[in-house]
$ cat model33.cif   # mmCIF, C-alpha atoms and all ligand atoms
data_final
loop_
_atom_site.group_PDB
_atom_site.id
_atom_site.type_symbol
_atom_site.label_atom_id
_atom_site.label_comp_id
_atom_site.auth_asym_id
_atom_site.auth_seq_id
_atom_site.Cartn_x
_atom_site.Cartn_y
_atom_site.Cartn_z
ATOM 1 C CA MET L 1362 23.429 33.968 -1.924
ATOM 2 C CA ALA L 1363 21.209 32.603 -4.700
ATOM 3 C CA ASP L 1364 17.948 30.999 -3.639
ATOM 4 C CA PHE L 1365 18.619 27.521 -4.958
ATOM 5 C CA VAL L 1366 16.216 25.930 -2.446
ATOM 6 C CA ASN L 1367 13.234 27.797 -3.894
ATOM 7 C CA LEU L 1368 14.281 26.795 -7.416
ATOM 8 C CA ASN L 1369 14.626 23.151 -6.319
ATOM 9 C CA GLU L 1370 11.128 23.353 -4.844
ATOM 10 C CA ALA L 1371 9.664 24.925 -8.004
ATOM 11 C CA ILE L 1372 11.075 22.019 -10.057
ATOM 12 C CA ILE L 1373 9.587 19.478 -7.637
ATOM 13 C CA GLN L 1374 6.214 21.261 -7.878
ATOM 14 C CA GLY L 1375 6.474 21.237 -11.674
ATOM 15 C CA SER L 1376 5.784 24.974 -11.793
ATOM 16 C CA LEU L 1377 7.056 26.087 -15.195
ATOM 17 C CA GLN L 1378 6.286 29.770 -14.582
ATOM 18 C CA LYS L 1379 8.025 29.856 -11.222
ATOM 19 C CA VAL L 1380 11.096 28.041 -12.554
ATOM 20 C CA LYS L 1381 11.346 30.546 -15.405
ATOM 21 C CA GLU L 1382 10.975 33.535 -13.051
ATOM 22 C CA LEU L 1383 13.494 32.258 -10.484
ATOM 23 C CA THR L 1384 16.003 31.232 -13.155
ATOM 24 C CA GLN L 1385 15.712 34.572 -14.949
ATOM 25 C CA GLY L 1386 16.099 36.364 -11.608
ATOM 26 C CA MET L 1387 19.347 34.511 -10.963
ATOM 27 C CA ILE L 1388 20.609 35.271 -14.466
ATOM 28 C CA ASP L 1389 19.812 38.976 -13.911
ATOM 29 C CA ASN L 1390 21.698 38.836 -10.599
ATOM 30 C CA LYS L 1391 24.734 37.372 -12.415
ATOM 31 C CA VAL L 1392 24.634 34.016 -10.629
ATOM 32 C CA ASP L 1393 27.056 31.580 -12.307
ATOM 33 C CA PRO L 1394 25.000 29.749 -14.978
ATOM 34 C CA VAL L 1395 26.649 26.366 -14.328
ATOM 35 C CA SER L 1396 25.718 26.693 -10.623
ATOM 36 C CA ILE L 1397 22.124 27.467 -11.602
ATOM 37 C CA ILE L 1398 22.043 24.110 -13.402
ATOM 38 C CA ASN L 1399 24.067 22.073 -10.904
ATOM 39 C CA GLU L 1400 22.609 23.500 -7.704
ATOM 40 C CA GLY L 1401 19.226 24.874 -8.724
ATOM 41 C CA LEU L 1402 17.804 22.664 -11.469
ATOM 42 C CA ILE L 1403 19.394 19.194 -11.260
ATOM 43 C CA PRO L 1404 18.934 18.562 -7.489
ATOM 44 C CA GLY L 1405 15.198 19.354 -7.754
ATOM 45 C CA MET L 1406 14.863 16.778 -10.508
ATOM 46 C CA GLY L 1407 16.885 14.347 -8.392
ATOM 47 C CA VAL L 1408 14.179 14.551 -5.713
ATOM 48 C CA VAL L 1409 11.523 13.969 -8.401
ATOM 49 C CA GLY L 1410 13.386 10.841 -9.579
ATOM 50 C CA THR L 1411 13.578 9.469 -6.037
ATOM 51 C CA ARG L 1412 9.891 10.119 -5.373
ATOM 52 C CA PHE L 1413 8.888 8.579 -8.726
ATOM 53 C CA LYS L 1414 10.888 5.453 -7.925
ATOM 54 C CA ALA L 1415 9.258 5.264 -4.493
ATOM 55 C CA GLY L 1416 5.786 5.590 -6.052
ATOM 56 C CA SER L 1417 4.928 8.900 -4.380
ATOM 57 C CA MET L 1418 5.014 10.864 -7.668
ATOM 58 C CA TYR L 1419 3.306 9.813 -10.890
ATOM 59 C CA VAL L 1420 4.002 10.095 -14.631
ATOM 60 C CA PRO L 1421 2.097 13.372 -15.296
ATOM 61 C CA GLU L 1422 3.805 15.090 -12.345
ATOM 62 C CA VAL L 1423 7.230 13.872 -13.445
ATOM 63 C CA MET L 1424 6.549 15.205 -16.931
ATOM 64 C CA MET L 1425 5.570 18.611 -15.538
ATOM 65 C CA SER L 1426 8.749 18.765 -13.477
ATOM 66 C CA ALA L 1427 10.854 17.712 -16.459
ATOM 67 C CA ARG L 1428 9.202 20.353 -18.643
ATOM 68 C CA ALA L 1429 9.802 23.022 -15.998
ATOM 69 C CA MET L 1430 13.411 21.947 -15.745
ATOM 70 C CA SER L 1431 13.886 22.079 -19.541
ATOM 71 C CA ALA L 1432 12.485 25.628 -19.558
ATOM 72 C CA GLY L 1433 15.081 26.616 -16.939
ATOM 73 C CA ILE L 1434 17.899 24.947 -18.901
ATOM 74 C CA GLU L 1435 16.806 26.742 -22.101
ATOM 75 C CA LEU L 1436 17.179 30.115 -20.358
ATOM 76 C CA VAL L 1437 20.629 29.295 -19.022
ATOM 77 C CA LYS L 1438 22.044 27.436 -22.044
ATOM 78 C CA PRO L 1439 22.920 30.462 -24.226
ATOM 79 C CA LEU L 1440 25.137 31.761 -21.402
ATOM 80 C CA ILE L 1441 27.266 28.645 -21.244
ATOM 81 C CA ALA L 1442 29.980 27.719 -23.729
ATOM 82 C CA ASP L 1443 29.310 24.226 -25.098
ATOM 83 C CA SER L 1444 32.487 22.892 -23.506
ATOM 84 C CA ASP L 1445 31.378 24.098 -20.053
ATOM 85 C CA MET L 1446 27.921 22.547 -20.287
ATOM 86 C CA PRO L 1447 28.025 19.790 -17.686
ATOM 87 C CA THR L 1448 27.713 16.405 -19.382
ATOM 88 C CA ALA L 1449 27.884 13.036 -17.731
ATOM 89 C CA GLY L 1450 28.157 11.183 -21.068
ATOM 90 C CA THR L 1451 26.248 10.590 -24.300
ATOM 91 C CA VAL L 1452 23.365 8.126 -24.451
ATOM 92 C CA VAL L 1453 21.605 7.072 -27.657
ATOM 93 C CA VAL L 1454 18.020 6.093 -26.871
ATOM 94 C CA GLY L 1455 15.291 4.566 -29.007
ATOM 95 C CA THR L 1456 12.286 2.262 -29.063
ATOM 96 C CA ILE L 1457 13.178 -0.928 -30.917
ATOM 97 C CA GLN L 1458 12.154 -1.926 -34.407
ATOM 98 C CA GLY L 1459 8.467 -2.828 -34.724
ATOM 99 C CA ASP L 1460 7.447 -0.923 -31.590
ATOM 100 C CA LEU L 1461 5.822 2.519 -31.518
ATOM 101 C CA HIS L 1462 5.427 3.033 -27.745
ATOM 102 C CA ASP L 1463 7.407 6.021 -26.525
ATOM 103 C CA ILE L 1464 5.968 7.362 -23.265
ATOM 104 C CA GLY L 1465 8.358 5.350 -21.070
ATOM 105 C CA LYS L 1466 11.317 6.087 -23.341
ATOM 106 C CA ASN L 1467 10.597 9.811 -23.180
ATOM 107 C CA LEU L 1468 10.512 9.667 -19.398
ATOM 108 C CA VAL L 1469 13.855 7.884 -19.404
ATOM 109 C CA ASN L 1470 15.245 10.629 -21.672
ATOM 110 C CA MET L 1471 14.007 13.329 -19.343
ATOM 111 C CA MET L 1472 15.572 11.704 -16.303
ATOM 112 C CA LEU L 1473 18.853 11.160 -18.145
ATOM 113 C CA GLU L 1474 18.966 14.779 -19.301
ATOM 114 C CA SER L 1475 18.091 15.916 -15.815
ATOM 115 C CA SER L 1476 21.062 13.923 -14.530
ATOM 116 C CA GLY L 1477 23.414 15.712 -16.922
ATOM 117 C CA PHE L 1478 23.581 13.205 -19.797
ATOM 118 C CA LYS L 1479 23.459 14.290 -23.416
ATOM 119 C CA VAL L 1480 20.604 12.294 -24.940
ATOM 120 C CA ILE L 1481 20.317 11.479 -28.633
ATOM 121 C CA ASP L 1482 16.692 10.426 -29.066
ATOM 122 C CA LEU L 1483 16.275 8.349 -32.215
ATOM 123 C CA GLY L 1484 12.514 8.004 -31.772
ATOM 124 C CA VAL L 1485 10.476 4.819 -32.293
ATOM 125 C CA ASP L 1486 10.685 1.752 -34.559
ATOM 126 C CA ILE L 1487 14.485 1.916 -34.667
ATOM 127 C CA LYS L 1488 16.343 -0.681 -36.721
ATOM 128 C CA PRO L 1489 19.594 -2.218 -35.349
ATOM 129 C CA GLU L 1490 21.611 -0.498 -38.119
ATOM 130 C CA ALA L 1491 20.221 2.893 -37.053
ATOM 131 C CA PHE L 1492 21.388 2.361 -33.461
ATOM 132 C CA VAL L 1493 24.829 1.368 -34.765
ATOM 133 C CA LYS L 1494 25.021 4.425 -37.032
ATOM 134 C CA ALA L 1495 24.054 6.751 -34.172
ATOM 135 C CA VAL L 1496 26.669 5.281 -31.812
ATOM 136 C CA LYS L 1497 29.368 5.955 -34.416
ATOM 137 C CA GLU L 1498 28.109 9.418 -35.299
ATOM 138 C CA HIS L 1499 27.695 10.679 -31.725
ATOM 139 C CA LYS L 1500 30.489 8.639 -30.092
ATOM 140 C CA ALA L 1501 27.936 7.462 -27.534
ATOM 141 C CA GLN L 1502 29.030 5.631 -24.401
ATOM 142 C CA ILE L 1503 25.621 4.034 -23.802
ATOM 143 C CA ILE L 1504 22.689 2.741 -25.880
ATOM 144 C CA GLY L 1505 19.263 2.583 -24.199
ATOM 145 C CA MET L 1506 16.619 0.453 -25.879
ATOM 146 C CA SER L 1507 12.953 0.462 -24.935
ATOM 147 C CA ALA L 1508 10.409 -2.284 -25.735
ATOM 148 C CA LEU L 1509 6.748 -2.607 -24.795
ATOM 149 C CA LEU L 1510 5.789 -5.524 -27.059
ATOM 150 C CA THR L 1511 6.754 -9.119 -26.316
ATOM 151 C CA THR L 1512 6.554 -9.845 -30.052
ATOM 152 C CA THR L 1513 9.379 -7.498 -30.975
ATOM 153 C CA MET L 1514 11.567 -7.383 -27.863
ATOM 154 C CA LEU L 1515 14.027 -9.802 -29.454
ATOM 155 C CA ASN L 1516 15.026 -7.002 -31.793
ATOM 156 C CA MET L 1517 17.068 -5.773 -28.825
ATOM 157 C CA LYS L 1518 19.266 -8.825 -29.248
ATOM 158 C CA ALA L 1519 19.547 -8.096 -32.967
ATOM 159 C CA THR L 1520 20.917 -4.637 -32.115
ATOM 160 C CA ILE L 1521 23.533 -6.133 -29.780
ATOM 161 C CA GLU L 1522 24.550 -8.555 -32.556
ATOM 162 C CA ALA L 1523 24.812 -5.674 -35.041
ATOM 163 C CA LEU L 1524 27.134 -3.839 -32.631
ATOM 164 C CA LYS L 1525 29.331 -6.941 -32.434
ATOM 165 C CA VAL L 1526 29.505 -7.246 -36.230
ATOM 166 C CA GLU L 1527 30.682 -3.616 -36.425
ATOM 167 C CA GLY L 1528 33.298 -4.209 -33.689
ATOM 168 C CA LEU L 1529 31.595 -1.644 -31.431
ATOM 169 C CA ARG L 1530 30.306 -3.865 -28.645
ATOM 170 C CA GLU L 1531 33.279 -3.287 -26.336
ATOM 171 C CA GLN L 1532 33.040 0.494 -26.673
ATOM 172 C CA VAL L 1533 29.427 0.956 -25.730
ATOM 173 C CA LYS L 1534 27.295 -0.140 -22.780
ATOM 174 C CA VAL L 1535 23.835 -1.432 -23.609
ATOM 175 C CA ILE L 1536 20.887 -0.945 -21.283
ATOM 176 C CA VAL L 1537 17.334 -2.157 -21.837
ATOM 177 C CA GLY L 1538 13.915 -1.520 -20.342
ATOM 178 C CA GLY L 1539 10.171 -1.423 -20.888
ATOM 179 C CA ALA L 1540 7.266 -3.260 -19.276
ATOM 180 C CA PRO L 1541 7.935 -6.802 -20.645
ATOM 181 C CA VAL L 1542 11.722 -6.580 -20.126
ATOM 182 C CA SER L 1543 13.360 -8.074 -17.032
ATOM 183 C CA LYS L 1544 16.806 -8.351 -15.521
ATOM 184 C CA GLU L 1545 16.913 -11.999 -16.598
ATOM 185 C CA PHE L 1546 15.995 -11.116 -20.187
ATOM 186 C CA ALA L 1547 18.693 -8.422 -20.210
ATOM 187 C CA GLU L 1548 21.269 -10.994 -19.105
ATOM 188 C CA GLN L 1549 20.044 -13.552 -21.665
ATOM 189 C CA ILE L 1550 20.548 -11.199 -24.608
ATOM 190 C CA GLY L 1551 23.921 -9.968 -23.319
ATOM 191 C CA ALA L 1552 22.964 -6.413 -22.295
ATOM 192 C CA ASP L 1553 24.996 -4.592 -19.636
ATOM 193 C CA GLY L 1554 22.053 -3.455 -17.573
ATOM 194 C CA TYR L 1555 18.317 -3.252 -16.974
ATOM 195 C CA ALA L 1556 16.270 -0.706 -15.054
ATOM 196 C CA PRO L 1557 12.583 -0.944 -14.144
ATOM 197 C CA ASP L 1558 11.936 2.821 -14.234
ATOM 198 C CA ALA L 1559 13.325 6.123 -15.467
ATOM 199 C CA GLY L 1560 14.942 7.204 -12.188
ATOM 200 C CA THR L 1561 16.757 3.894 -11.854
ATOM 201 C CA ALA L 1562 17.817 4.125 -15.520
ATOM 202 C CA ALA L 1563 19.672 7.377 -14.771
ATOM 203 C CA ASP L 1564 21.363 5.819 -11.723
ATOM 204 C CA LEU L 1565 22.302 2.801 -13.833
ATOM 205 C CA CYS L 1566 23.955 4.975 -16.504
ATOM 206 C CA LYS L 1567 25.942 6.829 -13.854
ATOM 207 C CA ARG L 1568 27.072 3.508 -12.377
ATOM 208 C CA LEU L 1569 28.055 2.046 -15.763
ATOM 209 C CA LEU L 1570 30.279 5.042 -16.568
ATOM 210 C CA ALA L 1571 31.750 5.459 -13.081
HETATM 211 C C1 LIG S 1601 -0.123 3.791 -24.165
HETATM 212 C C2 LIG S 1601 -0.148 2.444 -24.862
HETATM 213 C C3 LIG S 1601 -0.219 2.432 -26.257
HETATM 214 C C4 LIG S 1601 -0.213 3.713 -27.102
HETATM 215 C C5 LIG S 1601 1.240 4.177 -27.254
HETATM 216 C C6 LIG S 1601 1.369 5.690 -27.246
HETATM 217 C C7 LIG S 1601 2.792 6.115 -27.149
HETATM 218 N N1 LIG S 1601 3.056 7.232 -27.755
HETATM 219 O O1 LIG S 1601 3.632 5.462 -26.538
HETATM 220 C C8 LIG S 1601 -0.824 3.178 -28.450
HETATM 221 C C9 LIG S 1601 -2.307 3.358 -28.386
HETATM 222 C C10 LIG S 1601 -0.290 3.843 -29.717
HETATM 223 C C11 LIG S 1601 -0.503 1.695 -28.355
HETATM 224 C C12 LIG S 1601 -0.444 0.861 -29.462
HETATM 225 C C13 LIG S 1601 -0.317 -0.509 -29.379
HETATM 226 N N2 LIG S 1601 -0.263 -1.260 -28.237
HETATM 227 CO CO1 LIG S 1601 -0.036 -0.480 -26.469
HETATM 228 N N3 LIG S 1601 -0.091 0.044 -24.675
HETATM 229 C C14 LIG S 1601 -0.075 1.232 -24.110
HETATM 230 C C15 LIG S 1601 -0.161 1.051 -22.582
HETATM 231 C C16 LIG S 1601 -1.604 1.302 -22.175
HETATM 232 C C17 LIG S 1601 0.708 1.949 -21.724
HETATM 233 C C18 LIG S 1601 2.196 1.949 -22.062
HETATM 234 C C19 LIG S 1601 2.863 3.097 -21.328
HETATM 235 O O2 LIG S 1601 3.078 4.150 -21.912
HETATM 236 N N4 LIG S 1601 3.132 2.922 -20.006
HETATM 237 C C20 LIG S 1601 3.651 3.991 -19.149
HETATM 238 C C21 LIG S 1601 5.182 4.056 -19.220
HETATM 239 C C22 LIG S 1601 5.673 5.192 -18.315
HETATM 240 O O3 LIG S 1601 5.702 2.848 -18.737
HETATM 241 P P1 LIG S 1601 6.808 1.999 -19.514
HETATM 242 O O4 LIG S 1601 6.662 2.203 -20.964
HETATM 243 O O5 LIG S 1601 6.827 0.635 -18.974
HETATM 244 O O6 LIG S 1601 8.187 2.732 -19.154
HETATM 245 C C23 LIG S 1601 8.796 2.728 -17.881
HETATM 246 C C24 LIG S 1601 9.719 1.521 -17.623
HETATM 247 O O7 LIG S 1601 9.352 0.367 -18.329
HETATM 248 C C25 LIG S 1601 11.081 2.017 -17.962
HETATM 249 N N5 LIG S 1601 11.575 1.995 -19.342
HETATM 250 C C26 LIG S 1601 10.917 2.143 -20.496
HETATM 251 N N6 LIG S 1601 11.730 2.145 -21.533
HETATM 252 C C27 LIG S 1601 12.983 2.005 -21.055
HETATM 253 C C28 LIG S 1601 14.217 1.943 -21.697
HETATM 254 C C29 LIG S 1601 15.375 1.780 -20.939
HETATM 255 C C30 LIG S 1601 16.693 1.721 -21.634
HETATM 256 C C31 LIG S 1601 15.276 1.634 -19.540
HETATM 257 C C32 LIG S 1601 16.497 1.386 -18.747
HETATM 258 C C33 LIG S 1601 14.033 1.692 -18.883
HETATM 259 C C34 LIG S 1601 12.905 1.887 -19.649
HETATM 260 O O8 LIG S 1601 11.033 3.381 -17.554
HETATM 261 C C35 LIG S 1601 9.738 3.908 -17.880
HETATM 262 C C36 LIG S 1601 9.401 5.003 -16.890
HETATM 263 O O9 LIG S 1601 9.474 4.588 -15.569
HETATM 264 C C37 LIG S 1601 0.278 -0.448 -22.408
HETATM 265 C C38 LIG S 1601 -0.306 -1.175 -21.205
HETATM 266 C C39 LIG S 1601 0.562 -1.074 -20.002
HETATM 267 N N7 LIG S 1601 -0.066 -0.944 -18.883
HETATM 268 O O10 LIG S 1601 1.779 -1.135 -20.080
HETATM 269 C C40 LIG S 1601 -0.184 -1.048 -23.743
HETATM 270 C C41 LIG S 1601 0.536 -2.281 -24.296
HETATM 271 C C42 LIG S 1601 2.020 -2.134 -24.137
HETATM 272 N N8 LIG S 1601 0.173 -2.223 -25.717
HETATM 273 C C43 LIG S 1601 -0.041 -3.393 -26.244
HETATM 274 C C44 LIG S 1601 -0.394 -3.621 -27.596
HETATM 275 C C45 LIG S 1601 -0.724 -5.066 -27.971
HETATM 276 C C46 LIG S 1601 -0.461 -2.577 -28.542
HETATM 277 C C47 LIG S 1601 -0.818 -2.694 -30.013
HETATM 278 C C48 LIG S 1601 -0.267 -3.913 -30.762
HETATM 279 C C49 LIG S 1601 -2.332 -2.631 -30.091
HETATM 280 C C50 LIG S 1601 -2.931 -2.885 -31.463
HETATM 281 N N9 LIG S 1601 -3.523 -4.029 -31.563
HETATM 282 O O11 LIG S 1601 -2.807 -2.042 -32.326
HETATM 283 C C51 LIG S 1601 -0.261 -1.372 -30.590
HETATM 284 C C52 LIG S 1601 1.203 -1.548 -31.025
HETATM 285 C C53 LIG S 1601 1.676 -0.561 -31.985
HETATM 286 C C54 LIG S 1601 3.164 -0.749 -32.155
HETATM 287 N N10 LIG S 1601 3.606 -1.290 -33.270
HETATM 288 O O12 LIG S 1601 3.926 -0.414 -31.257
HETATM 289 C C55 LIG S 1601 0.144 -4.508 -25.213
HETATM 290 C C56 LIG S 1601 1.424 -5.301 -25.394
HETATM 291 C C57 LIG S 1601 1.198 -6.781 -25.149
HETATM 292 C C58 LIG S 1601 2.451 -7.553 -25.281
HETATM 293 N N11 LIG S 1601 2.630 -8.436 -24.331
HETATM 294 O O13 LIG S 1601 3.214 -7.426 -26.169
HETATM 295 C C59 LIG S 1601 0.020 -3.707 -23.863
HETATM 296 C C60 LIG S 1601 0.791 -4.332 -22.687
HETATM 297 C C61 LIG S 1601 -1.511 -3.663 -23.536
HETATM 298 C C62 LIG S 1601 -2.090 -5.041 -23.225
HETATM 299 N N12 LIG S 1601 -2.231 -5.400 -21.984
HETATM 300 O O14 LIG S 1601 -2.428 -5.770 -24.115
HETATM 301 N N13 LIG S 1601 -0.311 1.318 -27.061
#

$ encode --input "model33.cif" --output "structure tokens"
Amino acid sequence: MADFVNLNEAIIQGSLQKVKELTQGMIDNKVDPVSIINEGLIPGMGVVGTRFKAGSMYVPEVMMSARAMSAGIELVKPLIADSDMPTAGTVVVGTIQGDLHDIGKNLVNMMLESSGFKVIDLGVDIKPEAFVKAVKEHKAQIIGMSALLTTTMLNMKATIEALKVEGLREQVKVIVGGAPVSKEFAEQIGADGYAPDAGTAADLCKRLLA
């Protein structure tokens, strides 16, 4: 029986070295690679998300856990055929046009990836047309937009309008977040959802695609 509990714990502790050792040990012992991800890596990150939401874990710790988890995934990935790689859906994520803040967005990406989503990270200062292009190219089910500046947050609305013009609005869910964004603002601009933090963002995506 593989020691998934220890691997979960190593993720929670953010111990990159330990995650690598335990993951490699399981690979050497021929443990099913998909189980290593689903039972060893993802549940540990799930605990991290819950603790982050509750305020008992902080940004640097979450980043360490996410990095440890990515290292584990990298070891397992070559053993899994692309079609078997568990994916909960594709999410295109970016910081809106005029805004260069990306710490929160990157945390959201990490939590989404940890929850099994394929994340297409467009980066910062992303124009509405670039979001639209990425949705088409990657057949994304969700767009996540991040904004930290009150002066440019209306560019989120511009992206939603651009999706409508291209006839894509019905095919893709739009979620928004960032310090100045609220649930009310999300409703005003016609988004499908808002989340105040990265853990909740992952839950929201799961709910929207359920
Ligand atoms: C770090 C920082 C910077 C760094 C950014 C580095 C980087 N790589 O991101 C630097 C120094 C570059 C910077 C620059 C500027 N900044 Co600045 N910055 C900050 C600061 C201190 C922290 C932001 C942060 O990273 N928070 C931590 C993360 C984890 O939190 P978060 O982003 O809110 O993300 C969480 C949630 O919101 C949510 N979330 C985030 N995105 C998304 C997306 C989705 C889809 C979902 C569902 C959820 C979600 O999940 C995240 C994790 O839980 C804030 C102050 C503050 N306390 O917020 C000012 C702040 C945002 N900055 C501000 C300003 C004014 C600027 C500048 C204009 C300063 C200047 N005069 O040059 C420039 C703007 C440059 C530009 N065009 O973007 C103002 C904005 C004021 C306003 N009301 O608009 C703030 C509020 C500071 C202040 N009090 O004045 N900044």

$ closest_residue --input "model33.cif" --among "L:Val1535, L:Met1517, L:Met1471, L:Ala1559" --to "ligand LIG 1601 (chain S)" --atoms "only C-alpha atoms and all ligand atoms"
L:Ala1559

$ resolve_selection --input "model33.cif" --expression "the PyMOL selection byres (((chain L and resi 1531) around 12) and not hetatm)" --output "PyMOL selection string"
chain L and resi 1502-1503+1521-1522+1524-1530+1532-1535+1551-1553

$ closest_residue --input "model33.cif" --among "L:Leu1515, L:Ile1536, L:Val1380, L:Val1452" --to "ligand LIG 1601 (chain S)" --atoms "all atoms listed in the file"
L:Ile1536

$ closest_atom_pairs --input "model33.cif" --of "region 1423-1484 of chain L" --to "region 1389-1413 of chain L" --cutoff "12 Å" --atoms "all atoms listed in the file" --output "Markdown table"
| residue | atom | partner | partner_atom | distance |
| --- | --- | --- | --- | --- |
| L:Val1423 | CA | L:Val1409 | CA | 6.6 |
| L:Met1424 | CA | L:Val1409 | CA | 10.0 |
| L:Met1425 | CA | L:Val1409 | CA | 10.4 |
| L:Ser1426 | CA | L:Met1406 | CA | 7.1 |
| L:Ala1427 | CA | L:Met1406 | CA | 7.2 |
| L:Arg1428 | CA | L:Met1406 | CA | 10.5 |
| L:Ala1429 | CA | L:Leu1402 | CA | 9.2 |
| L:Met1430 | CA | L:Leu1402 | CA | 6.2 |
| L:Ser1431 | CA | L:Leu1402 | CA | 9.0 |
| L:Ala1432 | CA | L:Leu1402 | CA | 10.1 |
| L:Gly1433 | CA | L:Leu1402 | CA | 7.3 |
| L:Ile1434 | CA | L:Ile1398 | CA | 6.9 |
| L:Glu1435 | CA | L:Ile1398 | CA | 10.5 |
| L:Leu1436 | CA | L:Pro1394 | CA | 9.5 |
| L:Val1437 | CA | L:Pro1394 | CA | 6.0 |
| L:Lys1438 | CA | L:Pro1394 | CA | 8.0 |
| L:Pro1439 | CA | L:Pro1394 | CA | 9.5 |
| L:Leu1440 | CA | L:Pro1394 | CA | 6.7 |
| L:Ile1441 | CA | L:Pro1394 | CA | 6.8 |
| L:Ala1442 | CA | L:Val1395 | CA | 10.1 |
| L:Asp1443 | CA | L:Val1395 | CA | 11.3 |
| L:Ser1444 | CA | L:Val1395 | CA | 11.4 |
| L:Asp1445 | CA | L:Val1395 | CA | 7.8 |
| L:Met1446 | CA | L:Val1395 | CA | 7.2 |
| L:Pro1447 | CA | L:Val1395 | CA | 7.5 |
| L:Thr1448 | CA | L:Asn1399 | CA | 10.8 |
| L:Ala1449 | CA | L:Asn1399 | CA | 12.0 |
| L:Leu1468 | CA | L:Gly1410 | CA | 10.3 |
| L:Val1469 | CA | L:Gly1410 | CA | 10.3 |
| L:Met1471 | CA | L:Met1406 | CA | 9.5 |
| L:Met1472 | CA | L:Gly1410 | CA | 7.1 |
| L:Leu1473 | CA | L:Gly1410 | CA | 10.2 |
| L:Glu1474 | CA | L:Ile1403 | CA | 9.2 |
| L:Ser1475 | CA | L:Ile1403 | CA | 5.8 |
| L:Ser1476 | CA | L:Ile1403 | CA | 6.4 |
| L:Gly1477 | CA | L:Ile1403 | CA | 7.8 |
| L:Phe1478 | CA | L:Ile1403 | CA | 11.2 |

$ closest_residue --input "model33.cif" --among "L:Val1366, L:Ala1540, L:Ile1457, L:Ile1373" --to "ligand LIG 1601 (chain S)" --atoms "all atoms listed in the file"
L:Ala1540

$ closest_residue --input "model33.cif" --among "L:Val1480, L:Ala1371, L:Met1506, L:Val1420" --to "Gly1560 (chain L)" --atoms "all atoms listed in the file"
L:Val1420
